[in-house]
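Peer 1: Got a structure for you, entry.pdb, holding PDB, C-alpha atoms.
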```pdb
ATOM      1  CA  MET A 499     239.528  73.477   9.894
ATOM      2  CA  LYS A 500     240.227  70.080   8.382
ATOM      3  CA  ALA A 501     237.659  68.329   6.159
ATOM      4  CA  GLU A 502     237.058  65.751   8.882
ATOM      5  CA  LEU A 503     235.836  68.621  11.091
ATOM      6  CA  ILE A 504     233.675  70.244   8.383
ATOM      7  CA  ASN A 505     231.795  67.196   7.098
ATOM      8  CA  PRO A 506     229.970  66.509  10.383
ATOM      9  CA  PHE A 507     228.389  70.000  10.202
ATOM     10  CA  LEU A 508     227.456  69.499   6.545
ATOM     11  CA  LYS A 509     225.912  66.076   7.156
ATOM     12  CA  ALA A 510     224.066  67.151  10.305
ATOM     13  CA  THR A 511     222.570  70.176   8.526
ATOM     14  CA  LYS A 512     221.270  68.115   5.608
ATOM     15  CA  ASN A 513     219.936  65.505   8.006
ATOM     16  CA  VAL A 514     218.139  67.957  10.333
ATOM     17  CA  ILE A 515     216.494  70.040   7.595
ATOM     18  CA  GLU A 516     215.533  67.027   5.479
ATOM     19  CA  THR A 517     214.179  65.038   8.432
ATOM     20  CA  MET A 518     212.524  67.755  10.505
ATOM     21  CA  ALA A 519     211.239  69.899   7.651
ATOM     22  CA  GLN A 520     210.902  67.447   4.751
ATOM     23  CA  THR A 521     212.873  69.995   2.737
ATOM     24  CA  LYS A 522     215.390  68.821   0.134
ATOM     25  CA  VAL A 523     218.779  70.443   0.761
ATOM     26  CA  LYS A 524     221.754  70.728  -1.611
ATOM     27  CA  ALA A 525     225.124  71.577  -0.052
ATOM     28  CA  GLY A 526     227.557  73.797  -1.971
ATOM     29  CA  THR A 527     231.340  73.845  -1.685
ATOM     30  CA  PRO A 528     232.616  74.923   1.737
ATOM     31  CA  HIS A 529     234.906  77.968   1.700
ATOM     32  CA  ILE A 530     236.712  80.259   4.129
ATOM     33  CA  LYS A 531     234.731  83.285   5.406
ATOM     34  CA  GLU A 532     236.265  86.479   4.024
ATOM     35  CA  ASN A 533     234.100  89.222   5.522
ATOM     36  CA  ARG A 534     231.897  90.034   8.520
ATOM     37  CA  SER A 535     228.516  89.908   6.751
ATOM     38  CA  ALA A 536     225.775  87.623   7.910
ATOM     39  CA  TYR A 537     224.028  85.820   5.150
ATOM     40  CA  GLY A 538     220.395  85.964   6.087
ATOM     41  CA  GLU A 539     217.782  87.793   8.135
ATOM     42  CA  VAL A 540     217.535  85.195  10.919
ATOM     43  CA  THR A 541     220.613  83.626  12.432
ATOM     44  CA  GLY A 542     221.076  81.042  15.157
ATOM     45  CA  ILE A 543     224.390  81.136  17.058
ATOM     46  CA  ILE A 544     225.667  78.369  19.300
ATOM     47  CA  GLY A 545     228.853  77.904  21.300
ATOM     48  CA  MET A 546     230.818  74.679  21.678
ATOM     49  CA  SER A 547     233.311  74.109  24.462
ATOM     50  CA  SER A 548     235.257  71.608  26.488
ATOM     51  CA  GLU A 549     238.608  71.627  28.217
ATOM     52  CA  THR A 550     240.304  71.088  24.858
ATOM     53  CA  ILE A 551     238.012  72.702  22.252
ATOM     54  CA  SER A 552     236.251  76.013  21.830
ATOM     55  CA  GLY A 553     234.139  77.050  18.906
ATOM     56  CA  SER A 554     231.038  78.697  17.539
ATOM     57  CA  MET A 555     228.580  77.749  14.828
ATOM     58  CA  ILE A 556     225.967  79.898  13.106
ATOM     59  CA  VAL A 557     223.071  78.988  10.834
ATOM     60  CA  SER A 558     221.850  81.978   8.851
ATOM     61  CA  PHE A 559     218.627  81.831   6.820
ATOM     62  CA  THR A 560     217.097  84.130   4.222
ATOM     63  CA  ASP A 561     213.492  85.098   5.100
ATOM     64  CA  GLN A 562     212.101  83.026   2.260
ATOM     65  CA  ALA A 563     214.032  79.855   3.118
ATOM     66  CA  ILE A 564     213.223  79.825   6.841
ATOM     67  CA  LEU A 565     209.521  80.683   6.397
ATOM     68  CA  LYS A 566     209.110  77.640   4.137
ATOM     69  CA  ILE A 567     211.234  75.379   6.381
ATOM     70  CA  VAL A 568     209.201  76.336   9.468
ATOM     71  CA  ALA A 569     205.938  75.879   7.509
ATOM     72  CA  ASN A 570     207.077  72.344   6.624
ATOM     73  CA  MET A 571     208.102  71.642  10.239
ATOM     74  CA  LEU A 572     204.724  72.795  11.554
ATOM     75  CA  MET A 573     202.778  71.416   8.589
ATOM     76  CA  GLU A 574     201.086  74.799   8.157
ATOM     77  CA  PRO A 575     201.049  77.388   5.330
ATOM     78  CA  PRO A 576     204.102  79.708   5.420
ATOM     79  CA  LYS A 577     203.805  82.738   7.716
ATOM     80  CA  SER A 578     204.103  86.175   6.133
ATOM     81  CA  LYS A 579     206.911  87.319   8.437
ATOM     82  CA  ILE A 580     209.460  86.270  11.055
ATOM     83  CA  ASP A 581     207.666  85.920  14.398
ATOM     84  CA  ASP A 582     208.515  84.374  17.787
ATOM     85  CA  GLU A 583     207.630  80.885  16.583
ATOM     86  CA  VAL A 584     210.038  81.166  13.637
ATOM     87  CA  VAL A 585     212.799  82.547  15.869
ATOM     88  CA  ASP A 586     212.310  79.682  18.335
ATOM     89  CA  ALA A 587     212.409  77.179  15.464
ATOM     90  CA  VAL A 588     215.776  78.648  14.408
ATOM     91  CA  GLY A 589     217.045  78.086  17.972
ATOM     92  CA  GLU A 590     215.865  74.494  17.866
ATOM     93  CA  ILE A 591     217.348  73.865  14.395
ATOM     94  CA  THR A 592     220.672  75.382  15.527
ATOM     95  CA  ASN A 593     220.699  73.117  18.578
ATOM     96  CA  MET A 594     219.898  70.008  16.554
ATOM     97  CA  ILE A 595     222.474  70.667  13.816
ATOM     98  CA  CYS A 596     225.231  71.309  16.329
ATOM     99  CA  GLY A 597     224.082  68.305  18.380
ATOM    100  CA  GLY A 598     224.349  66.104  15.275
ATOM    101  CA  ALA A 599     227.837  67.426  14.471
ATOM    102  CA  LYS A 600     228.837  66.925  18.109
ATOM    103  CA  ALA A 601     227.876  63.241  17.990
ATOM    104  CA  GLU A 602     229.931  62.691  14.801
ATOM    105  CA  LEU A 603     232.930  64.631  16.082
ATOM    106  CA  ALA A 604     232.930  62.700  19.369
ATOM    107  CA  LYS A 605     233.584  59.552  17.307
ATOM    108  CA  ILE A 606     236.890  61.015  16.105
ATOM    109  CA  ASN A 607     237.717  62.127  19.623
ATOM    110  CA  HIS A 608     236.759  65.808  19.349
ATOM    111  CA  LYS A 609     234.524  66.119  22.380
ATOM    112  CA  PHE A 610     232.657  69.219  23.509
ATOM    113  CA  ASP A 611     229.388  70.363  25.118
ATOM    114  CA  LEU A 612     226.842  72.721  23.581
ATOM    115  CA  ALA A 613     225.995  76.148  24.959
ATOM    116  CA  THR A 614     222.521  77.713  24.755
ATOM    117  CA  PRO A 615     221.667  78.998  21.253
ATOM    118  CA  THR A 616     221.153  82.719  20.705
ATOM    119  CA  MET A 617     219.046  84.017  17.826
ATOM    120  CA  VAL A 618     219.658  87.259  15.926
ATOM    121  CA  VAL A 619     217.011  88.862  13.709
ATOM    122  CA  GLY A 620     217.841  91.832  11.483
ATOM    123  CA  LYS A 621     218.696  92.913   7.959
ATOM    124  CA  GLY A 622     222.265  93.815   6.956
ATOM    125  CA  VAL A 623     223.672  92.552  10.225
ATOM    126  CA  GLU A 624     227.382  91.785  10.379
ATOM    127  CA  ILE A 625     228.458  88.689  12.300
ATOM    128  CA  SER A 626     232.010  87.594  13.019
ATOM    129  CA  HIS A 627     233.750  84.952  15.116
ATOM    130  CA  TYR A 628     236.422  86.023  17.627
ATOM    131  CA  SER A 629     239.088  83.536  16.671
ATOM    132  CA  SER A 630     242.483  83.510  15.006
ATOM    133  CA  ASP A 631     241.431  80.310  13.227
ATOM    134  CA  PRO A 632     239.533  80.626   9.925
ATOM    135  CA  THR A 633     235.753  80.272   9.811
ATOM    136  CA  VAL A 634     234.370  77.790   7.299
ATOM    137  CA  VAL A 635     231.183  78.707   5.406
ATOM    138  CA  ILE A 636     228.993  75.911   4.002
ATOM    139  CA  PRO A 637     226.325  77.211   1.573
ATOM    140  CA  PHE A 638     223.029  75.325   1.208
ATOM    141  CA  GLU A 639     220.235  75.576  -1.353
ATOM    142  CA  THR A 640     216.583  74.626  -0.995
ATOM    143  CA  ASP A 641     213.815  75.016  -3.579
ATOM    144  CA  ASN A 642     212.674  78.052  -1.606
ATOM    145  CA  GLY A 643     215.903  79.911  -1.008
ATOM    146  CA  SER A 644     219.293  79.464   0.516
ATOM    147  CA  PHE A 645     221.027  79.483   3.884
ATOM    148  CA  VAL A 646     224.545  79.052   5.250
ATOM    149  CA  VAL A 647     226.210  77.285   8.145
ATOM    150  CA  GLU A 648     229.444  78.735   9.490
ATOM    151  CA  ALA A 649     231.693  76.857  11.872
ATOM    152  CA  ASN A 650     234.803  77.849  13.751
ATOM    153  CA  LEU A 651     236.462  75.236  15.909
ATOM    154  CA  SER A 652     239.791  75.676  17.688
ATOM    155  CA  THR A 653     241.863  73.354  19.779
ATOM    156  CA  LYS A 654     242.858  75.129  22.966
ATOM    157  CA  THR A 655     246.523  75.438  23.831
ATOM    158  CA  GLN A 656     247.040  73.384  26.935
ATOM    159  CA  THR A 657     248.458  75.361  29.843
TER     160      THR A 657
ATOM    161  CA  MET J 919     218.807  82.714  37.913
ATOM    162  CA  LYS J 920     219.688  83.113  41.574
ATOM    163  CA  ALA J 921     221.554  86.185  42.852
ATOM    164  CA  GLU J 922     224.623  84.061  43.502
ATOM    165  CA  LEU J 923     224.729  83.340  39.765
ATOM    166  CA  ILE J 924     224.138  86.957  38.700
ATOM    167  CA  ASN J 925     226.675  88.736  40.908
ATOM    168  CA  PRO J 926     229.725  87.078  39.285
ATOM    169  CA  PHE J 927     228.706  88.578  35.904
ATOM    170  CA  LEU J 928     228.112  92.000  37.476
ATOM    171  CA  LYS J 929     231.458  92.006  39.312
ATOM    172  CA  ALA J 930     233.414  90.680  36.323
ATOM    173  CA  THR J 931     231.926  93.343  34.025
ATOM    174  CA  LYS J 932     232.824  96.204  36.374
ATOM    175  CA  ASN J 933     236.279  94.746  36.885
ATOM    176  CA  VAL J 934     237.063  94.213  33.176
ATOM    177  CA  ILE J 935     235.837  97.633  31.988
ATOM    178  CA  GLU J 936     237.383  99.538  34.901
ATOM    179  CA  THR J 937     240.734  97.720  34.659
ATOM    180  CA  MET J 938     241.156  97.348  30.894
ATOM    181  CA  ALA J 939     239.581 100.627  29.857
ATOM    182  CA  GLN J 940     240.031 102.863  32.921
ATOM    183  CA  THR J 941     236.342 103.634  32.575
ATOM    184  CA  LYS J 942     234.190 104.100  35.671
ATOM    185  CA  VAL J 943     231.156 101.821  35.535
ATOM    186  CA  LYS J 944     227.931 102.014  37.553
ATOM    187  CA  ALA J 945     225.744  98.896  37.632
ATOM    188  CA  GLY J 946     221.953  99.270  37.701
ATOM    189  CA  THR J 947     219.416  96.837  39.118
ATOM    190  CA  PRO J 948     219.325  93.471  37.329
ATOM    191  CA  HIS J 949     215.937  92.522  35.869
ATOM    192  CA  ILE J 950     214.371  89.799  33.745
ATOM    193  CA  LYS J 951     214.498  90.296  29.953
ATOM    194  CA  GLU J 952     210.976  90.894  28.624
ATOM    195  CA  ASN J 953     211.495  91.266  24.873
ATOM    196  CA  ARG J 954     213.808  90.245  22.019
ATOM    197  CA  SER J 955     215.479  93.630  21.461
ATOM    198  CA  ALA J 956     219.213  94.028  21.658
ATOM    199  CA  TYR J 957     220.330  97.066  23.527
ATOM    200  CA  GLY J 958     223.166  98.459  21.492
ATOM    201  CA  GLU J 959     224.755  98.557  18.061
ATOM    202  CA  VAL J 960     227.617  96.168  18.858
ATOM    203  CA  THR J 961     227.043  92.964  20.762
ATOM    204  CA  GLY J 962     229.381  90.201  21.873
ATOM    205  CA  ILE J 963     227.823  86.759  22.376
ATOM    206  CA  ILE J 964     229.498  83.868  24.177
ATOM    207  CA  GLY J 965     228.398  80.357  25.049
ATOM    208  CA  MET J 966     229.083  78.515  28.289
ATOM    209  CA  SER J 967     228.865  74.743  28.601
ATOM    210  CA  SER J 968     229.827  71.685  30.556
ATOM    211  CA  GLU J 969     228.221  68.341  31.203
ATOM    212  CA  THR J 970     225.933  69.971  33.780
ATOM    213  CA  ILE J 971     225.491  73.587  32.634
ATOM    214  CA  SER J 972     224.606  75.358  29.421
ATOM    215  CA  GLY J 973     224.225  79.066  28.953
ATOM    216  CA  SER J 974     224.846  82.178  26.921
ATOM    217  CA  MET J 975     225.976  85.684  27.800
ATOM    218  CA  ILE J 976     225.804  88.835  25.711
ATOM    219  CA  VAL J 977     227.389  92.258  26.190
ATOM    220  CA  SER J 978     225.644  94.915  24.126
ATOM    221  CA  PHE J 979     227.115  98.419  23.756
ATOM    222  CA  THR J 980     225.751 101.663  22.377
ATOM    223  CA  ASP J 981     228.057 103.176  19.721
ATOM    224  CA  GLN J 982     229.029 106.022  22.008
ATOM    225  CA  ALA J 983     229.920 103.827  24.985
ATOM    226  CA  ILE J 984     232.057 101.307  23.097
ATOM    227  CA  LEU J 985     233.933 103.927  21.030
ATOM    228  CA  LYS J 986     235.056 105.617  24.267
ATOM    229  CA  ILE J 987     235.850 102.314  26.010
ATOM    230  CA  VAL J 988     237.990 101.141  23.085
ATOM    231  CA  ALA J 989     239.693 104.555  22.899
ATOM    232  CA  ASN J 990     240.606 104.179  26.589
ATOM    233  CA  MET J 991     241.828 100.609  26.043
ATOM    234  CA  LEU J 992     244.062 101.650  23.134
ATOM    235  CA  MET J 993     244.966 105.019  24.679
ATOM    236  CA  GLU J 994     243.986 106.756  21.452
ATOM    237  CA  PRO J 995     241.291 109.354  20.571
ATOM    238  CA  PRO J 996     237.857 107.767  19.950
ATOM    239  CA  LYS J 997     237.247 106.458  16.423
ATOM    240  CA  SER J 998     234.348 107.976  14.464
ATOM    241  CA  LYS J 999     232.703 104.628  13.761
ATOM    242  CA  ILE J1000     232.643 100.904  14.553
ATOM    243  CA  ASP J1001     235.501  99.240  12.651
ATOM    244  CA  ASP J1002     237.240  95.832  12.803
ATOM    245  CA  GLU J1003     239.388  96.912  15.741
ATOM    246  CA  VAL J1004     236.311  97.900  17.779
ATOM    247  CA  VAL J1005     234.522  94.653  16.879
ATOM    248  CA  ASP J1006     237.589  92.630  17.925
ATOM    249  CA  ALA J1007     237.766  94.570  21.192
ATOM    250  CA  VAL J1008     234.133  93.622  21.885
ATOM    251  CA  GLY J1009     235.077  89.961  21.358
ATOM    252  CA  GLU J1010     237.968  90.321  23.771
ATOM    253  CA  ILE J1011     235.849  92.148  26.392
ATOM    254  CA  THR J1012     233.132  89.468  26.084
ATOM    255  CA  ASN J1013     235.719  86.744  26.609
ATOM    256  CA  MET J1014     237.257  88.460  29.626
ATOM    257  CA  ILE J1015     233.926  89.227  31.348
ATOM    258  CA  CYS J1016     232.700  85.670  30.918
ATOM    259  CA  GLY J1017     236.117  84.346  31.977
ATOM    260  CA  GLY J1018     235.906  86.411  35.166
ATOM    261  CA  ALA J1019     232.389  85.165  35.926
ATOM    262  CA  LYS J1020     233.502  81.594  35.187
ATOM    263  CA  ALA J1021     236.289  81.833  37.779
ATOM    264  CA  GLU J1022     233.851  83.122  40.444
ATOM    265  CA  LEU J1023     231.158  80.550  39.602
ATOM    266  CA  ALA J1024     233.673  77.696  39.749
ATOM    267  CA  LYS J1025     234.203  78.594  43.429
ATOM    268  CA  ILE J1026     230.552  77.783  44.150
ATOM    269  CA  ASN J1027     230.806  74.606  42.100
ATOM    270  CA  HIS J1028     229.188  75.828  38.867
ATOM    271  CA  LYS J1029     231.848  74.746  36.401
ATOM    272  CA  PHE J1030     231.788  75.300  32.648
ATOM    273  CA  ASP J1031     234.043  76.070  29.685
ATOM    274  CA  LEU J1032     233.782  79.071  27.379
ATOM    275  CA  ALA J1033     232.934  78.882  23.696
ATOM    276  CA  THR J1034     234.344  81.265  21.061
ATOM    277  CA  PRO J1035     232.722  84.728  21.164
ATOM    278  CA  THR J1036     230.668  85.897  18.192
ATOM    279  CA  MET J1037     230.162  89.601  17.497
ATOM    280  CA  VAL J1038     227.042  91.144  15.956
ATOM    281  CA  VAL J1039     226.997  94.663  14.503
ATOM    282  CA  GLY J1040     223.750  96.310  13.422
ATOM    283  CA  LYS J1041     221.042  98.762  14.420
ATOM    284  CA  GLY J1042     217.628  97.600  15.598
ATOM    285  CA  VAL J1043     218.756  93.995  15.846
ATOM    286  CA  GLU J1044     216.703  91.592  17.940
ATOM    287  CA  ILE J1045     218.570  89.068  20.065
ATOM    288  CA  SER J1046     217.052  86.276  22.126
ATOM    289  CA  HIS J1047     218.270  83.266  24.071
ATOM    290  CA  TYR J1048     216.857  79.817  23.270
ATOM    291  CA  SER J1049     216.043  78.736  26.801
ATOM    292  CA  SER J1050     213.022  78.074  28.956
ATOM    293  CA  ASP J1051     214.872  79.741  31.839
ATOM    294  CA  PRO J1052     214.618  83.530  32.178
ATOM    295  CA  THR J1053     217.406  85.791  30.919
ATOM    296  CA  VAL J1054     218.767  88.328  33.415
ATOM    297  CA  VAL J1055     219.643  91.812  32.147
ATOM    298  CA  ILE J1056     222.218  93.891  34.061
ATOM    299  CA  PRO J1057     222.289  97.555  32.939
ATOM    300  CA  PHE J1058     225.526  99.550  33.213
ATOM    301  CA  GLU J1059     226.242 103.284  32.926
ATOM    302  CA  THR J1060     229.491 105.016  31.999
ATOM    303  CA  ASP J1061     230.109 108.761  31.622
ATOM    304  CA  ASN J1062     229.932 108.191  27.865
ATOM    305  CA  GLY J1063     226.848 106.038  27.485
ATOM    306  CA  SER J1064     225.400 102.791  28.626
ATOM    307  CA  PHE J1065     225.592  99.096  27.908
ATOM    308  CA  VAL J1066     223.988  95.870  29.142
ATOM    309  CA  VAL J1067     225.077  92.377  30.028
ATOM    310  CA  GLU J1068     222.541  89.562  29.645
ATOM    311  CA  ALA J1069     223.093  86.122  31.090
ATOM    312  CA  ASN J1070     221.137  82.912  30.790
ATOM    313  CA  LEU J1071     222.429  79.894  32.674
ATOM    314  CA  SER J1072     220.603  76.565  32.957
ATOM    315  CA  THR J1073     221.392  73.396  34.794
ATOM    316  CA  LYS J1074     221.004  70.465  32.429
ATOM    317  CA  THR J1075     218.650  67.682  33.349
ATOM    318  CA  GLN J1076     220.783  64.642  33.958
ATOM    319  CA  THR J1077     219.910  61.682  31.761
TER     320      THR J1077
END
```
Could you spell out this file's structure in structure tokens?

Peer 2:
Amino acid sequence: MKAELINPFLKATKNVIETMAQTKVKAGTPHIKENRSAYGEVTGIIGMSSETISGSMIVSFTDQAILKIVANMLMEPPKSKIDDEVVDAVGEITNMICGGAKAELAKINHKFDLATPTMVVGKGVEISHYSSDPTVVIPFETDNGSFVVEANLSTKTQT
Amino acid sequence: MKAELINPFLKATKNVIETMAQTKVKAGTPHIKENRSAYGEVTGIIGMSSETISGSMIVSFTDQAILKIVANMLMEPPKSKIDDEVVDAVGEITNMICGGAKAELAKINHKFDLATPTMVVGKGVEISHYSSDPTVVIPFETDNGSFVVEANLSTKTQT
């Protein structure tokens, strides 16, 4: 994936978490995914597709990071564990990040629609993208723990 | 989801597993998903989207079922555990099932494109779909264990 395809995901992530959850976010250096491991305990997965593009994006949070982010979103004290409300918030965050990236990418003529997010909860889960194109991992830090965004975007061969 | 939207997933699943893996498949009665649990140890997730539709489909296999299905696909003895080749096969099966359903649904004017499949490996993983519409679960039996297909398809509100 070219930098012009990665930056929209980076910017949208910072924007969504900082705006929705008043949580300062520091992006690390994007790199290529080398293994199947998921990063965190709660992961949102969303598909992107059009006649010319297919892709998938995941946002994977450590327990600590997402509990604080959701607390900030709801303006409540952090919950002690991942519950339905937290899982739903991860679905919403996933949708909003990918929606933000979609709007930016449309400007450079990469147009696609968003599928319905799916959320995965579990420790030591392995997640991989079924694609011959590399997956880009963008690490993020908050004051209360870290999370990653992974994106895989391929241009379909026209038939 | 109406029956006319469920049957294409049921038919495509039977067709893909029986054709690609020479494995007899018996479909059970579809029902509405009531909890967040994933069914099996290996799950393929795929997004569907267009300007009018968004959705997600998962195929979740028990260890035993997928090891035998992949063995039949590769015409080799079953592997002892889930490895990269099995995970890739789940991605391919997910793609083919959803591709089959897509072709059938296009005939009744429900048109969408497929996103890139994502594969999740782990025991006791919880998976849910971020949608206010119900998720339909279709259970399947083989001689070597069972698996499920879940589909969630929503018509977008036009703005």

Peer 1: Residues of chain A near chain J: apply a cut-off of 7 Å, count all atoms listed in the file, and supply the list as a VMD selection string.

Peer 2: chain A and resid 544 to 549 552 to 554 586 589 611 to 620 623 to 629

Peer 1: Generate a file of the selected residues that holds C-alpha atoms, formatted as a PDB file, in the coordinates of the input.

Peer 2:
```pdb
ATOM      1  CA  ILE A 544     225.667  78.369  19.300  1.00  0.00           C
ATOM      2  CA  GLY A 545     228.853  77.904  21.300  1.00  0.00           C
ATOM      3  CA  MET A 546     230.818  74.679  21.678  1.00  0.00           C
ATOM      4  CA  SER A 547     233.311  74.109  24.462  1.00  0.00           C
ATOM      5  CA  SER A 548     235.257  71.608  26.488  1.00  0.00           C
ATOM      6  CA  GLU A 549     238.608  71.627  28.217  1.00  0.00           C
ATOM      7  CA  SER A 552     236.251  76.013  21.830  1.00  0.00           C
ATOM      8  CA  GLY A 553     234.139  77.050  18.906  1.00  0.00           C
ATOM      9  CA  SER A 554     231.038  78.697  17.539  1.00  0.00           C
ATOM     10  CA  ASP A 586     212.310  79.682  18.335  1.00  0.00           C
ATOM     11  CA  GLY A 589     217.045  78.086  17.972  1.00  0.00           C
ATOM     12  CA  ASP A 611     229.388  70.363  25.118  1.00  0.00           C
ATOM     13  CA  LEU A 612     226.842  72.721  23.581  1.00  0.00           C
ATOM     14  CA  ALA A 613     225.995  76.148  24.959  1.00  0.00           C
ATOM     15  CA  THR A 614     222.521  77.713  24.755  1.00  0.00           C
ATOM     16  CA  PRO A 615     221.667  78.998  21.253  1.00  0.00           C
ATOM     17  CA  THR A 616     221.153  82.719  20.705  1.00  0.00           C
ATOM     18  CA  MET A 617     219.046  84.017  17.826  1.00  0.00           C
ATOM     19  CA  VAL A 618     219.658  87.259  15.926  1.00  0.00           C
ATOM     20  CA  VAL A 619     217.011  88.862  13.709  1.00  0.00           C
ATOM     21  CA  GLY A 620     217.841  91.832  11.483  1.00  0.00           C
ATOM     22  CA  VAL A 623     223.672  92.552  10.225  1.00  0.00           C
ATOM     23  CA  GLU A 624     227.382  91.785  10.379  1.00  0.00           C
ATOM     24  CA  ILE A 625     228.458  88.689  12.300  1.00  0.00           C
ATOM     25  CA  SER A 626     232.010  87.594  13.019  1.00  0.00           C
ATOM     26  CA  HIS A 627     233.750  84.952  15.116  1.00  0.00           C
ATOM     27  CA  TYR A 628     236.422  86.023  17.627  1.00  0.00           C
ATOM     28  CA  SER A 629     239.088  83.536  16.671  1.00  0.00           C
TER      29      SER A 629
END
```

Peer 1: What is the distance, in Å and to one decimal place, between atom CA of A:Val647 and atom CA of A:Lys605?

Peer 2: 21.3 Å

Peer 1: If I take atom CA of J:Thr941 and atom CA of J:Leu992, how far is one from the other in Å, to one decimal?

Peer 2: 12.4 Å

Peer 1: Between atom CA of A:Gly526 and atom CA of A:Pro637, what distance in Å does the model show, to one decimal?

Peer 2: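 Computing the Euclidean distance for atom CA of A:Gly526 and atom CA of A:Pro637 yields 5.1 Å.
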
Peer 1: Specify as a list of chain:residue names each residue included when the PyMOL selection byres ((chain J and resi 936) around 12) is applied to this file.

Peer 2: J:Lys929, J:Ala930, J:Thr931, J:Lys932, J:Asn933, J:Val934, J:Ile935, J:Thr937, J:Met938, J:Ala939, J:Gln940, J:Thr941, J:Lys942, J:Val943, J:Lys944, J:Ala945, J:Ile987, J:Val988, J:Asn990, J:Met991, J:Ile1011, J:Ile1015, J:Phe1058, J:Glu1059, J:Thr1060

Peer 1: Tell me which residues the PyMOL selection byres ((chain A and resi 643) around 9) grabs here, as a list in words.

Peer 2: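 Evaluating the PyMOL selection byres ((chain A and resi 643) around 9) on this file yields Phe559, Thr560, Asp561, Gln562, Ala563, Ile564, Lys566, Phe638, Glu639, Thr640, Asp641, Asn642, Ser644 and Phe645 of chain A.
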
Peer 1: Residues within 7 Å of A:Ile636, please, as JSON, numbers by chain. Count only C-alpha atoms; anything in the same chain fewer than 6 positions from it doesn't count.

Peer 2: {"A": [526, 527, 528, 529, 646, 647, 648]}

Peer 1: I need the residue set behind the PyMOL selection byres ((chain A and resi 506) around 8) for this file; please write it as a PyMOL selection string.

Peer 2: chain A and resi 502-505+507-510+598-600+602-603

Peer 1: Keeping C-alpha atoms (and nothing else), can you write stretch 1031-1062 of chain J of this structure as an mmCIF file, in the first residue's frame?

Peer 2:
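Result saved to result-v6.cif:
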```cif
data_model
loop_
_atom_site.group_PDB
_atom_site.id
_atom_site.type_symbol
_atom_site.label_atom_id
_atom_site.label_comp_id
_atom_site.auth_asym_id
_atom_site.auth_seq_id
_atom_site.Cartn_x
_atom_site.Cartn_y
_atom_site.Cartn_z
ATOM 1 C CA ASP J 1031 -19.338 -6.251 -3.932
ATOM 2 C CA LEU J 1032 -17.207 -8.435 -1.678
ATOM 3 C CA ALA J 1033 -14.553 -7.136 0.686
ATOM 4 C CA THR J 1034 -11.336 -9.023 1.520
ATOM 5 C CA PRO J 1035 -11.905 -11.953 3.913
ATOM 6 C CA THR J 1036 -10.340 -11.848 7.371
ATOM 7 C CA MET J 1037 -9.626 -15.048 9.295
ATOM 8 C CA VAL J 1038 -9.789 -15.423 13.080
ATOM 9 C CA VAL J 1039 -8.212 -18.359 14.921
ATOM 10 C CA GLY J 1040 -8.819 -18.920 18.628
ATOM 11 C CA LYS J 1041 -10.820 -20.885 21.173
ATOM 12 C CA GLY J 1042 -13.723 -19.336 23.062
ATOM 13 C CA VAL J 1043 -13.723 -16.253 20.866
ATOM 14 C CA GLU J 1044 -16.821 -14.068 20.809
ATOM 15 C CA ILE J 1045 -17.910 -12.641 17.470
ATOM 16 C CA SER J 1046 -20.742 -10.200 16.863
ATOM 17 C CA HIS J 1047 -22.069 -8.126 13.987
ATOM 18 C CA TYR J 1048 -22.493 -4.363 14.426
ATOM 19 C CA SER J 1049 -26.020 -4.061 13.097
ATOM 20 C CA SER J 1050 -29.492 -3.317 14.364
ATOM 21 C CA ASP J 1051 -30.788 -6.026 12.021
ATOM 22 C CA PRO J 1052 -30.808 -9.625 13.280
ATOM 23 C CA THR J 1053 -28.048 -12.050 12.295
ATOM 24 C CA VAL J 1054 -29.181 -15.373 10.814
ATOM 25 C CA VAL J 1055 -27.283 -18.526 11.798
ATOM 26 C CA ILE J 1056 -27.338 -21.537 9.443
ATOM 27 C CA PRO J 1057 -25.965 -24.720 11.080
ATOM 28 C CA PHE J 1058 -24.296 -27.382 8.922
ATOM 29 C CA GLU J 1059 -23.286 -30.983 9.658
ATOM 30 C CA THR J 1060 -20.621 -33.096 7.969
ATOM 31 C CA ASP J 1061 -19.584 -36.664 8.832
ATOM 32 C CA ASN J 1062 -16.558 -35.135 10.556
#
```
